Structure formats: structure tokens, C-alpha cells
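Below you'll find the structure, written out as C-alpha cells, and then a few comments.
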Amino acid sequence: MGSEAMDTPAGPVTDALHLRRESRRPYDMQVDVWLDPARGHLPVRVRLALPPAGGATEFMLERHAGP
């Protein structure tokens, strides 16, 4: 999907790589993942959505004790 800037509880991410897995059949889950290249491509945000109902669960990185 490209690169995006975002703010997370663990701090700002300037160029998160946004990846998406589209649902293939009705009621399959759509998965979005944002990876931070500066943190070794650690996932900083994950969104799980279930179309067509529109419900979603989202996870964000809260802290990271880097090397």
C-alpha cells in the first residue's frame, strides 16, 4: 500500500510500510500491517477487519526497548 507517517504510543514512525491482505471470500478477514524499517521492520500497527459487518480490532506498539 506504500509508506505512511504515523504516531504510536511508542513514538512517531516516519515511513511505516503498509501491507494489506484483502479478504478473498465474503466474511474473510482483511489484515493490515504497518512495519517500521527503523526498528528492524517491527510491526507497529495491526488492524484486523471483518467485512461486510465493518467490525475491526486494532493493535499498536506501546513501547519498544531497542538494542
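Labeling convention for the C-alpha cells: chains A, B, ... as they appear, residues from 1 per chain, ligands from 1 in order of appearance.
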
Filtered DSSP result for stretch 1-42 of chain A, state strand (DSSP E or B), as a PyMOL selection string: chain A and resi 2-8+11-21+30-36+42

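Taking atom CA of A:Leu19 and atom CA of A:Ala65 as the two end points, the separation is 24.1 Å.
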
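We find atom CA of A:Pro9 and atom CA of A:Met29 to be spaced 25.5 Å apart.
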
Spatial neighbours of stretch 46-63 of chain A, 8 Å, only C-alpha atoms, chain gap at least 4 places, as a list of chain:residue names: A:Thr8, A:Pro9, A:Ala10, A:Ser23, A:Pro26, A:Tyr27, A:Asp28, A:Met29, A:Gln30, A:Val31, A:Asp32, A:Val33, A:Trp34

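Coordinates place atom CA of A:Glu22 at a distance of 21.7 Å from atom CA of A:Ala5.
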
Selected residue of minimal separation from A:Val13 among A:Asp36, A:Pro43, A:Met1, A:His64, counting only C-alpha atoms: A:Asp36

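With distances restricted to only C-alpha atoms, A:Ala16 is the closest residue to A:Glu4 from A:Leu35, A:Ala16, A:Gly40, A:Arg45.
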